[in-house]
$ cat upload_28.cif   # mmCIF, C-alpha atoms
data_query
#
loop_
_atom_site.label_atom_id
_atom_site.label_comp_id
_atom_site.auth_asym_id
_atom_site.auth_seq_id
_atom_site.Cartn_x
_atom_site.Cartn_y
_atom_site.Cartn_z
CA ASN A 30 -41.99 -65.59 -51.86
CA SER A 31 -45.50 -64.21 -51.53
CA LEU A 32 -44.56 -62.65 -48.20
CA ILE A 33 -41.44 -61.04 -49.67
CA ARG A 34 -43.53 -59.66 -52.52
CA ALA A 35 -46.14 -58.31 -50.09
CA CYS A 36 -43.46 -56.52 -48.05
CA GLY A 37 -42.03 -54.92 -51.18
CA ARG A 38 -45.45 -53.71 -52.26
CA SER A 39 -46.08 -52.31 -48.77
CA CYS A 40 -43.01 -50.07 -48.92
CA ARG A 41 -41.07 -52.35 -46.57
CA PRO A 42 -38.13 -53.55 -48.64
CA ASP A 43 -36.10 -53.81 -45.45
CA ILE A 44 -38.36 -56.63 -44.24
CA ALA A 45 -38.38 -58.19 -47.72
CA VAL A 46 -34.58 -58.36 -47.74
CA GLN A 47 -34.52 -59.64 -44.15
CA LEU A 48 -36.94 -62.44 -45.03
CA LEU A 49 -34.73 -63.40 -47.95
CA ASN A 50 -31.70 -63.51 -45.65
CA ASP A 51 -33.54 -65.68 -43.09
CA MET A 52 -35.11 -68.15 -45.53
CA SER A 53 -32.44 -70.83 -45.34
CA LEU A 54 -31.45 -70.80 -41.65
CA ARG A 55 -34.69 -69.72 -40.00
CA TYR A 56 -37.34 -71.22 -42.27
CA GLY A 57 -35.43 -74.10 -43.88
CA VAL A 58 -36.30 -72.97 -47.39
CA GLU A 59 -33.65 -72.22 -50.01
CA PRO A 60 -34.25 -68.97 -51.94
CA ASP A 61 -34.72 -69.39 -55.67
CA GLU A 62 -34.59 -67.00 -58.61
CA VAL A 63 -38.08 -65.71 -57.83
CA SER A 64 -37.10 -64.96 -54.22
CA TYR A 65 -34.15 -62.86 -55.32
CA ARG A 66 -36.05 -61.25 -58.16
CA ILE A 67 -38.89 -59.88 -56.05
CA ALA A 68 -36.41 -58.66 -53.41
CA ILE A 69 -34.39 -56.83 -56.08
CA ILE A 70 -37.61 -55.34 -57.44
CA ALA A 71 -38.45 -54.13 -53.94
CA CYS A 72 -35.00 -52.48 -53.67
CA ASN A 73 -35.45 -50.85 -57.08
CA GLN A 74 -38.85 -49.44 -56.13
CA ALA A 75 -37.46 -48.15 -52.83
CA GLU A 76 -34.58 -46.38 -54.63
CA HIS A 77 -37.05 -44.64 -56.93
CA ARG A 78 -39.24 -43.68 -53.98
CA GLU A 79 -36.29 -42.16 -52.13
CA HIS A 80 -35.55 -39.97 -55.10
CA LYS A 81 -39.14 -38.76 -54.94
CA GLU A 82 -38.57 -37.81 -51.29
CA LEU A 83 -40.63 -40.62 -49.84
CA GLN A 84 -39.33 -42.15 -46.65
CA CYS A 85 -38.34 -45.76 -47.06
CA GLU A 86 -35.01 -46.54 -45.37
CA ILE A 87 -33.13 -49.52 -43.99
CA SER A 88 -32.70 -49.25 -40.27
CA ASP A 89 -29.47 -50.93 -39.23
CA ASN A 90 -26.82 -50.43 -36.61
CA GLY A 91 -24.07 -50.69 -39.23
CA PRO A 92 -23.30 -48.42 -42.20
CA VAL A 93 -26.33 -47.34 -44.22
CA LEU A 94 -26.68 -49.37 -47.41
CA THR A 95 -28.45 -47.59 -50.21
CA TRP A 96 -31.11 -49.48 -52.13
CA TRP A 97 -29.22 -49.57 -55.41
CA GLU A 98 -26.27 -51.08 -53.57
CA CYS A 99 -28.60 -53.60 -51.98
CA ALA A 100 -29.97 -54.58 -55.42
CA LEU A 101 -26.44 -55.12 -56.75
CA SER A 102 -25.51 -57.09 -53.64
CA LEU A 103 -28.46 -59.44 -54.16
CA LEU A 104 -27.51 -59.84 -57.82
CA ARG A 105 -23.99 -60.78 -56.79
CA ARG A 106 -25.33 -63.29 -54.26
CA MET A 107 -27.38 -64.95 -56.99
CA ARG A 108 -24.22 -65.60 -58.98
CA GLU A 109 -22.46 -66.93 -55.89
CA ASP A 110 -25.39 -69.31 -55.32
CA ASP A 111 -25.27 -70.43 -58.99
CA ILE A 112 -28.71 -68.95 -59.68
CA SER A 113 -29.08 -67.38 -63.12
CA PRO A 114 -30.90 -64.06 -62.81
CA SER A 115 -33.84 -63.43 -65.08
CA LEU A 116 -33.99 -60.43 -67.38
CA GLN A 117 -36.42 -58.80 -64.94
CA SER A 118 -33.86 -59.13 -62.13
CA ILE A 119 -31.22 -57.52 -64.33
CA SER A 120 -33.63 -54.78 -65.42
CA SER A 121 -34.57 -53.95 -61.83
CA ALA A 122 -30.92 -53.74 -60.74
CA VAL A 123 -30.06 -51.46 -63.67
CA SER A 124 -33.14 -49.35 -62.95
CA ALA A 125 -32.07 -48.91 -59.31
CA CYS A 126 -28.65 -47.71 -60.50
CA GLU A 127 -30.41 -45.36 -62.93
CA ALA A 128 -32.48 -43.79 -60.15
CA ALA A 129 -29.28 -43.08 -58.20
CA GLY A 130 -27.39 -41.80 -61.25
CA GLN A 131 -24.85 -44.62 -60.90
CA TRP A 132 -24.13 -44.93 -64.62
CA GLN A 133 -20.87 -46.88 -64.23
CA ARG A 134 -22.64 -49.53 -62.16
CA ALA A 135 -25.58 -49.67 -64.58
CA ILE A 136 -23.31 -50.29 -67.55
CA GLY A 137 -21.25 -52.70 -65.45
CA VAL A 138 -24.31 -54.88 -64.86
CA LEU A 139 -25.12 -54.92 -68.58
CA GLU A 140 -21.55 -55.87 -69.48
CA LEU A 141 -22.01 -59.12 -67.58
CA MET A 142 -24.82 -60.21 -69.91
CA PRO A 143 -23.76 -62.02 -73.10
CA SER A 144 -26.56 -60.46 -75.15
CA PHE A 145 -25.49 -56.94 -74.13
CA SER A 146 -21.72 -57.37 -74.39
CA PRO A 147 -21.52 -56.77 -78.16
CA LEU A 148 -23.58 -53.58 -77.81
CA LEU A 149 -21.14 -52.30 -75.20
CA GLY A 150 -18.05 -53.12 -77.19
CA ASP A 151 -17.15 -56.19 -75.13
CA ASP A 152 -16.52 -59.18 -77.37
CA GLN A 153 -15.80 -61.47 -74.44
CA MET A 154 -18.92 -63.31 -73.34
CA LYS A 155 -19.26 -63.64 -69.60
CA GLU A 156 -21.31 -66.38 -68.01
CA MET A 157 -24.24 -64.78 -66.31
CA ASN A 158 -27.27 -65.39 -68.48
CA ASP A 159 -28.54 -67.29 -71.48
CA PRO A 160 -26.59 -65.98 -74.51
CA ASP A 161 -29.64 -66.64 -76.67
CA GLU A 162 -31.77 -64.23 -74.64
CA PRO A 163 -32.12 -60.98 -76.61
CA ALA A 164 -30.97 -57.62 -75.33
CA ASN A 165 -33.70 -55.73 -73.51
CA LEU A 166 -34.52 -52.13 -74.43
CA TYR A 167 -35.74 -51.35 -70.92
CA CYS A 168 -32.27 -52.14 -69.55
CA LEU A 169 -30.57 -50.05 -72.21
CA ASN A 170 -32.91 -47.11 -71.65
CA ALA A 171 -32.26 -47.27 -67.91
CA ALA A 172 -28.51 -47.28 -68.55
CA ILE A 173 -28.75 -44.23 -70.85
CA SER A 174 -30.92 -42.48 -68.26
CA ALA A 175 -28.32 -43.30 -65.59
CA CYS A 176 -25.65 -41.70 -67.80
CA GLU A 177 -27.87 -38.63 -68.17
CA LYS A 178 -28.35 -38.28 -64.43
CA GLY A 179 -24.65 -38.85 -63.82
CA GLY A 180 -23.58 -36.23 -66.38
CA ALA A 181 -21.98 -38.85 -68.66
CA TRP A 182 -23.33 -37.57 -71.97
CA PHE A 183 -20.55 -39.12 -74.05
CA GLU A 184 -21.19 -42.59 -72.61
CA ALA A 185 -24.95 -42.14 -73.22
CA LEU A 186 -24.21 -41.23 -76.84
CA GLN A 187 -21.89 -44.22 -77.25
CA LEU A 188 -24.55 -46.59 -75.95
CA TYR A 189 -27.17 -45.07 -78.24
CA GLU A 190 -24.93 -45.36 -81.30
CA SER A 191 -24.12 -48.96 -80.38
CA ILE A 192 -27.83 -49.76 -80.28
CA ARG A 193 -28.38 -48.24 -83.73
CA SER A 194 -25.33 -49.90 -85.30
CA ALA A 195 -26.49 -53.35 -84.13
CA GLN A 196 -29.91 -53.16 -85.78
CA ASN A 197 -29.00 -55.72 -88.46
CA THR A 198 -27.53 -58.26 -86.05
CA LYS A 199 -29.06 -60.90 -83.79
CA ASN A 200 -28.63 -58.44 -80.89
CA ALA A 201 -30.81 -55.88 -82.68
CA VAL A 202 -32.79 -53.53 -80.44
CA MET A 203 -34.70 -50.59 -81.89
CA PRO A 204 -34.37 -47.29 -79.99
CA ASN A 205 -37.72 -45.86 -78.90
CA PHE A 206 -39.05 -42.50 -77.76
CA ILE A 207 -37.65 -42.93 -74.22
CA THR A 208 -34.20 -43.78 -75.60
CA VAL A 209 -34.06 -40.58 -77.63
CA SER A 210 -35.58 -38.44 -74.87
CA SER A 211 -33.01 -39.54 -72.26
CA LEU A 212 -30.14 -38.95 -74.66
CA LEU A 213 -31.39 -35.47 -75.64
CA ILE A 214 -31.67 -34.48 -71.97
CA ALA A 215 -28.07 -35.59 -71.42
CA LEU A 216 -26.84 -33.66 -74.47
CA GLU A 217 -28.72 -30.50 -73.53
CA LYS A 218 -27.27 -30.56 -70.01
CA ALA A 219 -23.82 -30.76 -71.59
CA ASN A 220 -24.69 -27.92 -74.00
CA GLN A 221 -24.18 -30.22 -77.00
CA LEU A 222 -27.00 -28.54 -78.90
CA GLU A 223 -25.91 -29.24 -82.48
CA LEU A 224 -25.39 -32.89 -81.66
CA ALA A 225 -28.79 -33.02 -79.98
CA GLU A 226 -30.48 -31.51 -83.03
CA SER A 227 -28.77 -34.10 -85.25
CA ILE A 228 -30.03 -36.95 -83.05
CA TYR A 229 -33.54 -35.46 -83.11
CA THR A 230 -33.47 -35.19 -86.92
CA ASP A 231 -32.43 -38.84 -87.21
CA ALA A 232 -35.23 -39.86 -84.82
CA ILE A 233 -37.77 -37.99 -86.97
CA ARG A 234 -36.46 -39.67 -90.11
CA ASP A 235 -36.55 -43.12 -88.48
CA GLY A 236 -40.11 -42.59 -87.21
CA VAL A 237 -39.08 -42.84 -83.56
CA VAL A 238 -40.36 -39.32 -82.87
CA SER A 239 -43.45 -37.96 -84.62
CA PRO A 240 -44.43 -34.51 -83.33
CA TRP A 241 -46.94 -33.59 -86.03
CA LYS A 242 -50.47 -34.78 -85.27
CA ARG A 243 -53.97 -34.09 -86.59
CA ARG A 244 -56.05 -32.42 -83.90
CA HIS A 245 -59.28 -30.42 -83.77
CA ASP A 246 -58.80 -26.67 -83.64
CA ASN A 247 -61.11 -24.13 -82.03
CA ASP A 248 -63.32 -24.04 -85.12
CA GLY A 249 -63.84 -27.80 -84.89
CA LYS A 250 -61.81 -28.54 -88.00
CA LEU A 251 -58.93 -30.99 -88.10
CA ARG A 252 -55.51 -29.50 -88.69
CA ILE A 253 -51.89 -30.49 -88.22
CA MET A 254 -50.33 -29.34 -84.94
CA MET A 255 -47.05 -29.99 -83.20
CA ASP A 256 -47.89 -32.14 -80.17
CA LEU A 257 -45.20 -31.65 -77.52
CA HIS A 258 -47.05 -32.51 -74.33
CA GLN A 259 -45.25 -35.88 -73.98
CA PHE A 260 -41.87 -34.30 -74.69
CA SER A 261 -39.26 -33.41 -72.11
CA ALA A 262 -38.36 -29.71 -72.02
CA PRO A 263 -35.03 -30.29 -73.86
CA MET A 264 -36.73 -32.33 -76.61
CA ALA A 265 -39.50 -29.74 -76.96
CA LYS A 266 -36.96 -26.95 -77.37
CA ILE A 267 -35.13 -28.92 -80.04
CA ALA A 268 -38.43 -29.58 -81.84
CA ILE A 269 -39.26 -25.85 -81.83
CA ARG A 270 -35.78 -24.91 -83.08
CA SER A 271 -36.04 -27.51 -85.83
CA TYR A 272 -39.42 -26.11 -86.90
CA MET A 273 -38.19 -22.51 -86.91
CA ASP A 274 -35.15 -23.51 -88.99
CA SER A 275 -37.42 -25.33 -91.43
CA LEU A 276 -39.34 -22.10 -92.08
CA LEU A 277 -36.23 -20.73 -93.77
CA SER A 278 -35.68 -23.77 -95.97
CA PRO A 279 -36.70 -23.44 -99.65
CA ARG A 280 -37.96 -27.03 -99.50
CA ARG A 281 -39.84 -26.66 -96.23
CA LYS A 282 -43.04 -28.53 -95.56
CA VAL A 283 -46.06 -26.30 -95.03
CA TYR A 284 -48.37 -27.54 -92.26
CA GLY A 285 -51.49 -25.52 -92.95
CA LYS A 286 -51.90 -21.92 -94.06
CA GLY A 287 -52.89 -20.35 -90.75
CA ASP A 288 -51.35 -20.09 -87.31
CA ALA A 289 -48.85 -22.66 -86.10
CA VAL A 290 -50.23 -24.45 -83.03
CA PHE A 291 -48.08 -26.19 -80.41
CA ILE A 292 -49.71 -28.53 -77.89
CA VAL A 293 -47.79 -28.35 -74.61
CA GLY A 294 -50.42 -29.46 -72.10
CA LYS A 295 -51.62 -27.74 -68.95
CA GLY A 296 -49.02 -29.20 -66.61
CA LYS A 297 -51.45 -31.43 -64.72
CA ARG A 298 -48.94 -34.28 -64.66
CA SER A 299 -46.06 -32.13 -63.43
CA GLU A 300 -44.91 -33.08 -59.94
CA GLU A 301 -44.59 -29.47 -58.76
CA ARG A 302 -45.48 -26.79 -61.29
CA PRO A 303 -45.87 -26.74 -65.09
CA VAL A 304 -42.51 -26.89 -66.86
CA LEU A 305 -43.19 -27.15 -70.57
CA MET A 306 -45.43 -24.10 -71.05
CA PRO A 307 -43.06 -21.51 -69.50
CA THR A 308 -40.11 -23.16 -71.26
CA ILE A 309 -41.73 -22.84 -74.69
CA LEU A 310 -42.94 -19.27 -74.10
CA ARG A 311 -39.47 -18.23 -72.93
CA LEU A 312 -37.82 -19.92 -75.91
CA PHE A 313 -39.97 -18.05 -78.44
CA ARG A 314 -39.68 -14.68 -76.72
CA GLU A 315 -36.00 -14.73 -75.75
CA GLU A 316 -34.32 -16.80 -78.47
CA PHE A 317 -36.51 -15.97 -81.48
CA ARG A 318 -37.86 -12.59 -80.33
CA ILE A 319 -41.37 -13.67 -81.26
CA ASP A 320 -44.42 -13.00 -79.13
CA VAL A 321 -46.58 -16.12 -79.05
CA THR A 322 -49.89 -16.40 -77.23
CA VAL A 323 -51.56 -19.02 -75.06
CA ASP A 324 -54.81 -20.13 -76.69
CA LYS A 325 -57.71 -18.62 -74.71
CA ASN A 326 -59.99 -21.50 -75.63
CA ASN A 327 -57.44 -24.17 -74.75
CA THR A 328 -54.76 -23.10 -72.29
CA GLY A 329 -52.68 -26.16 -73.09
CA ARG A 330 -51.84 -24.78 -76.53
CA VAL A 331 -49.50 -22.06 -77.78
CA ARG A 332 -50.28 -20.21 -81.01
CA LEU A 333 -47.78 -18.61 -83.36
CA SER A 334 -49.74 -16.34 -85.66
CA LYS A 335 -49.45 -16.48 -89.44
CA GLU A 336 -48.36 -12.83 -89.42
CA SER A 337 -45.57 -13.55 -86.92
CA ILE A 338 -44.34 -16.44 -89.08
CA GLU A 339 -44.24 -14.22 -92.15
CA ARG A 340 -42.39 -11.45 -90.27
CA PHE A 341 -39.86 -13.96 -88.94
CA ILE A 342 -39.14 -15.35 -92.42
CA LYS A 343 -38.88 -11.87 -93.95
CA GLN A 344 -36.57 -10.61 -91.21
CA LYS A 345 -34.24 -13.63 -91.41
CA LYS A 346 -34.01 -13.43 -95.20
CA TRP A 347 -33.34 -9.67 -94.98
CA ASN A 348 -30.55 -10.22 -92.42
CA ALA A 349 -29.03 -12.95 -94.57
#
$ encode --input "upload_28.cif" --output "structure tokens"
Amino acid sequence: NSLIRACGRSCRPDIAVQLLNDMSLRYGVEPDEVSYRIAIIACNQAEHREHKELQCEISDNGPVLTWWECALSLLRRMREDDISPSLQSISSAVSACEAAGQWQRAIGVLELMPSFSPLLGDDQMKEMNDPDEPANLYCLNAAISACEKGGAWFEALQLYESIRSAQNTKNAVMPNFITVSSLLIALEKANQLELAESIYTDAIRDGVVSPWKRRHDNDGKLRIMMDLHQFSAPMAKIAIRSYMDSLLSPRRKVYGKGDAVFIVGKGKRSEERPVLMPTILRLFREEFRIDVTVDKNNTGRVRLSKESIERFIKQKKWNA
């Protein structure tokens, strides 16, 4: 098992899987749950690496087997060998499907787990795992992300609503920031903007998303700013639209009396080039016709001047 784990960590899942296959006949050792688990984890990591354009392939004379398929194959073999997979094995298999955008397969794996069946609308318990083991949010998030990557926005929404509706049951799982972010990306891709804004509003109300933070401004004083630097571009756009709509509400909350400041980061964590900053600037200038500025003292922040806010409110009320 240690050798299989070492091969997986060394970007050689092909050797890890081969060792697992040879354990019984060549080494006289029967694989256990740990053996399968670390091999599935290796397949999951390889699938994610491939989607980041890192070379890590199985070399075989037969048809090429993708890593997500390999993970599912190992999961199936565990059942055939009467070995109950751990939640980590399930999570890794679902995550591999998520990386490949195989949303049907991801949900299919979850449907086999008794704790997940009620959340997926399947009342029939299937024997694969301990029915007392609680549903795992990581698995559900990976399944929603797989739906997003596969263009299945409706299925992602169904899964999300199932999670929320089961909050008062023994299968209760609370959605988190990643859950909401993946769903909003799926809805934005499908141009379901009103639905996305409704989901975002619910997440704000439930405390899952909290964009307003106290941060030091250029004068050293603490003030409330909208912190978007952890947001995906779709979620950030929804947050901005929600804020701009709130300016026109008679019961709007006022966050300070000066400029509105939006923290978007400097794009240091972006894999290629900054995404959030140009997205936010384009949104303000093209959709709202407002000229915002990048803070000269902190280039990871965008400032909307007090004067621009007042002009925007006056213009919208005049047009109404």
$ resolve_selection --input "upload_28.cif" --expression "the PyMOL selection byres ((chain A and resi 266) around 12)" --output "VMD selection string"
chain A and resid 210 213 to 214 217 222 225 to 226 229 257 to 258 260 to 265 267 to 273 291 293 304 to 313 316 to 317
$ resolve_selection --input "upload_28.cif" --expression "the PyMOL selection byres ((chain A and resi 105) around 12)" --output "ChimeraX atom specification"
/A:65,69,98-104,106-114,118-119,122,138,141,157
$ resolve_selection --input "upload_28.cif" --expression "the PyMOL selection byres ((chain A and resi 247-251) around 10)" --output "VMD selection string"
chain A and resid 242 to 246 252 to 254 324 to 327
$ atom_distance --input "upload_28.cif" --atom1 "atom CA of Thr95 of chain A" --atom2 "atom CA of Ala35 of chain A"
20.7 Å
$ residues_around --input "upload_28.cif" --residues "Arg38 of chain A" --least-positions-apart "3" --cutoff "10 Å" --atoms "all atoms listed in the file" --output "compact mmCIF listing (two decimals) with C-alpha atoms, in the frame of the given file"
# COMPACT_ATOMS: atom_id res chain seq x y z
CA LEU A 32 -44.56 -62.65 -48.20
CA ILE A 33 -41.44 -61.04 -49.67
CA ARG A 34 -43.53 -59.66 -52.52
CA ALA A 35 -46.14 -58.31 -50.09
CA ARG A 41 -41.07 -52.35 -46.57
CA PRO A 42 -38.13 -53.55 -48.64
CA ALA A 45 -38.38 -58.19 -47.72
CA ILE A 67 -38.89 -59.88 -56.05
CA ILE A 70 -37.61 -55.34 -57.44
CA ALA A 71 -38.45 -54.13 -53.94
CA GLN A 74 -38.85 -49.44 -56.13
CA ALA A 75 -37.46 -48.15 -52.83
$ atom_distance --input "upload_28.cif" --atom1 "atom CA of Leu333 of chain A" --atom2 "atom CA of Val321 of chain A"
5.1 Å
$ residues_around --input "upload_28.cif" --residues "Asp235 of chain A" --least-positions-apart "4" --cutoff "12 Å" --atoms "only C-alpha atoms" --output "PDB file with C-alpha atoms, in the coordinates of the input"
ATOM      1  CA  ARG A 193     -28.380 -48.240 -83.730  1.00  0.00           C
ATOM      2  CA  MET A 203     -34.700 -50.590 -81.890  1.00  0.00           C
ATOM      3  CA  PRO A 204     -34.370 -47.290 -79.990  1.00  0.00           C
ATOM      4  CA  ASN A 205     -37.720 -45.860 -78.900  1.00  0.00           C
ATOM      5  CA  PHE A 206     -39.050 -42.500 -77.760  1.00  0.00           C
ATOM      6  CA  VAL A 209     -34.060 -40.580 -77.630  1.00  0.00           C
ATOM      7  CA  ILE A 228     -30.030 -36.950 -83.050  1.00  0.00           C
ATOM      8  CA  TYR A 229     -33.540 -35.460 -83.110  1.00  0.00           C
ATOM      9  CA  THR A 230     -33.470 -35.190 -86.920  1.00  0.00           C
ATOM     10  CA  ASP A 231     -32.430 -38.840 -87.210  1.00  0.00           C
ATOM     11  CA  SER A 239     -43.450 -37.960 -84.620  1.00  0.00           C
TER      12      SER A 239
END
$ residues_around --input "upload_28.cif" --residues "Glu336 of chain A" --least-positions-apart "3" --cutoff "12 Å" --atoms "all atoms listed in the file" --output "PyMOL selection string"
chain A and resi 286-289+319-321+332-333+339-343
$ atom_distance --input "upload_28.cif" --atom1 "atom CA of Ser115 of chain A" --atom2 "atom CA of Cys36 of chain A"
20.7 Å
$ build_atoms --input "upload_28.cif" --residues "segment 204-213 of chain A" --atoms "all heavy atoms" --output "mmCIF file, keeping the file's coordinate frame"
data_model
loop_
_atom_site.group_PDB
_atom_site.id
_atom_site.type_symbol
_atom_site.label_atom_id
_atom_site.label_comp_id
_atom_site.auth_asym_id
_atom_site.auth_seq_id
_atom_site.Cartn_x
_atom_site.Cartn_y
_atom_site.Cartn_z
ATOM 1 N N PRO A 204 -34.152 -48.389 -80.936
ATOM 2 C CA PRO A 204 -34.370 -47.290 -79.990
ATOM 3 C C PRO A 204 -35.822 -46.821 -80.044
ATOM 4 O O PRO A 204 -36.449 -46.860 -81.096
ATOM 5 C CB PRO A 204 -33.418 -46.195 -80.481
ATOM 6 C CG PRO A 204 -32.439 -46.884 -81.367
ATOM 7 C CD PRO A 204 -33.167 -48.051 -81.969
ATOM 8 N N ASN A 205 -36.355 -46.382 -78.918
ATOM 9 C CA ASN A 205 -37.720 -45.860 -78.900
ATOM 10 C C ASN A 205 -37.723 -44.421 -78.409
ATOM 11 O O ASN A 205 -36.674 -43.798 -78.231
ATOM 12 C CB ASN A 205 -38.642 -46.756 -78.068
ATOM 13 C CG ASN A 205 -38.245 -46.805 -76.596
ATOM 14 O OD1 ASN A 205 -37.339 -46.092 -76.144
ATOM 15 N ND2 ASN A 205 -38.917 -47.642 -75.831
ATOM 16 N N PHE A 206 -38.896 -43.900 -78.170
ATOM 17 C CA PHE A 206 -39.050 -42.500 -77.760
ATOM 18 C C PHE A 206 -38.276 -42.210 -76.472
ATOM 19 O O PHE A 206 -37.623 -41.167 -76.339
ATOM 20 C CB PHE A 206 -40.537 -42.199 -77.565
ATOM 21 C CG PHE A 206 -40.841 -40.774 -77.200
ATOM 22 C CD1 PHE A 206 -41.035 -39.823 -78.184
ATOM 23 C CD2 PHE A 206 -40.932 -40.382 -75.873
ATOM 24 C CE1 PHE A 206 -41.316 -38.497 -77.852
ATOM 25 C CE2 PHE A 206 -41.207 -39.069 -75.528
ATOM 26 C CZ PHE A 206 -41.400 -38.124 -76.519
ATOM 27 N N ILE A 207 -38.338 -43.127 -75.512
ATOM 28 C CA ILE A 207 -37.650 -42.930 -74.220
ATOM 29 C C ILE A 207 -36.141 -42.905 -74.421
ATOM 30 O O ILE A 207 -35.434 -42.108 -73.776
ATOM 31 C CB ILE A 207 -38.058 -44.036 -73.235
ATOM 32 C CG1 ILE A 207 -39.555 -43.949 -72.929
ATOM 33 C CG2 ILE A 207 -37.251 -43.946 -71.947
ATOM 34 C CD1 ILE A 207 -40.078 -45.086 -72.069
ATOM 35 N N THR A 208 -35.628 -43.759 -75.307
ATOM 36 C CA THR A 208 -34.200 -43.780 -75.600
ATOM 37 C C THR A 208 -33.729 -42.402 -76.059
ATOM 38 O O THR A 208 -32.756 -41.843 -75.536
ATOM 39 C CB THR A 208 -33.880 -44.807 -76.699
ATOM 40 O OG1 THR A 208 -34.607 -46.012 -76.479
ATOM 41 C CG2 THR A 208 -32.403 -45.100 -76.752
ATOM 42 N N VAL A 209 -34.435 -41.869 -77.056
ATOM 43 C CA VAL A 209 -34.060 -40.580 -77.630
ATOM 44 C C VAL A 209 -34.224 -39.459 -76.612
ATOM 45 O O VAL A 209 -33.363 -38.575 -76.481
ATOM 46 C CB VAL A 209 -34.898 -40.290 -78.893
ATOM 47 C CG1 VAL A 209 -34.616 -38.898 -79.438
ATOM 48 C CG2 VAL A 209 -34.619 -41.338 -79.961
ATOM 49 N N SER A 210 -35.319 -39.487 -75.854
ATOM 50 C CA SER A 210 -35.580 -38.440 -74.870
ATOM 51 C C SER A 210 -34.478 -38.365 -73.820
ATOM 52 O O SER A 210 -33.967 -37.279 -73.498
ATOM 53 C CB SER A 210 -36.936 -38.687 -74.195
ATOM 54 O OG SER A 210 -37.205 -37.683 -73.244
ATOM 55 N N SER A 211 -34.068 -39.505 -73.277
ATOM 56 C CA SER A 211 -33.010 -39.540 -72.260
ATOM 57 C C SER A 211 -31.702 -39.014 -72.813
ATOM 58 O O SER A 211 -30.982 -38.260 -72.148
ATOM 59 C CB SER A 211 -32.825 -40.959 -71.729
ATOM 60 O OG SER A 211 -33.981 -41.420 -71.074
ATOM 61 N N LEU A 212 -31.387 -39.403 -74.052
ATOM 62 C CA LEU A 212 -30.140 -38.950 -74.660
ATOM 63 C C LEU A 212 -30.172 -37.442 -74.896
ATOM 64 O O LEU A 212 -29.181 -36.746 -74.632
ATOM 65 C CB LEU A 212 -29.911 -39.682 -75.984
ATOM 66 C CG LEU A 212 -28.665 -39.267 -76.766
ATOM 67 C CD1 LEU A 212 -27.403 -39.476 -75.940
ATOM 68 C CD2 LEU A 212 -28.574 -40.026 -78.078
ATOM 69 N N LEU A 213 -31.290 -36.910 -75.372
ATOM 70 C CA LEU A 213 -31.390 -35.470 -75.640
ATOM 71 C C LEU A 213 -31.273 -34.658 -74.348
ATOM 72 O O LEU A 213 -30.683 -33.570 -74.345
ATOM 73 C CB LEU A 213 -32.699 -35.157 -76.349
ATOM 74 C CG LEU A 213 -32.826 -35.690 -77.779
ATOM 75 C CD1 LEU A 213 -34.155 -35.273 -78.383
ATOM 76 C CD2 LEU A 213 -31.670 -35.212 -78.650
#
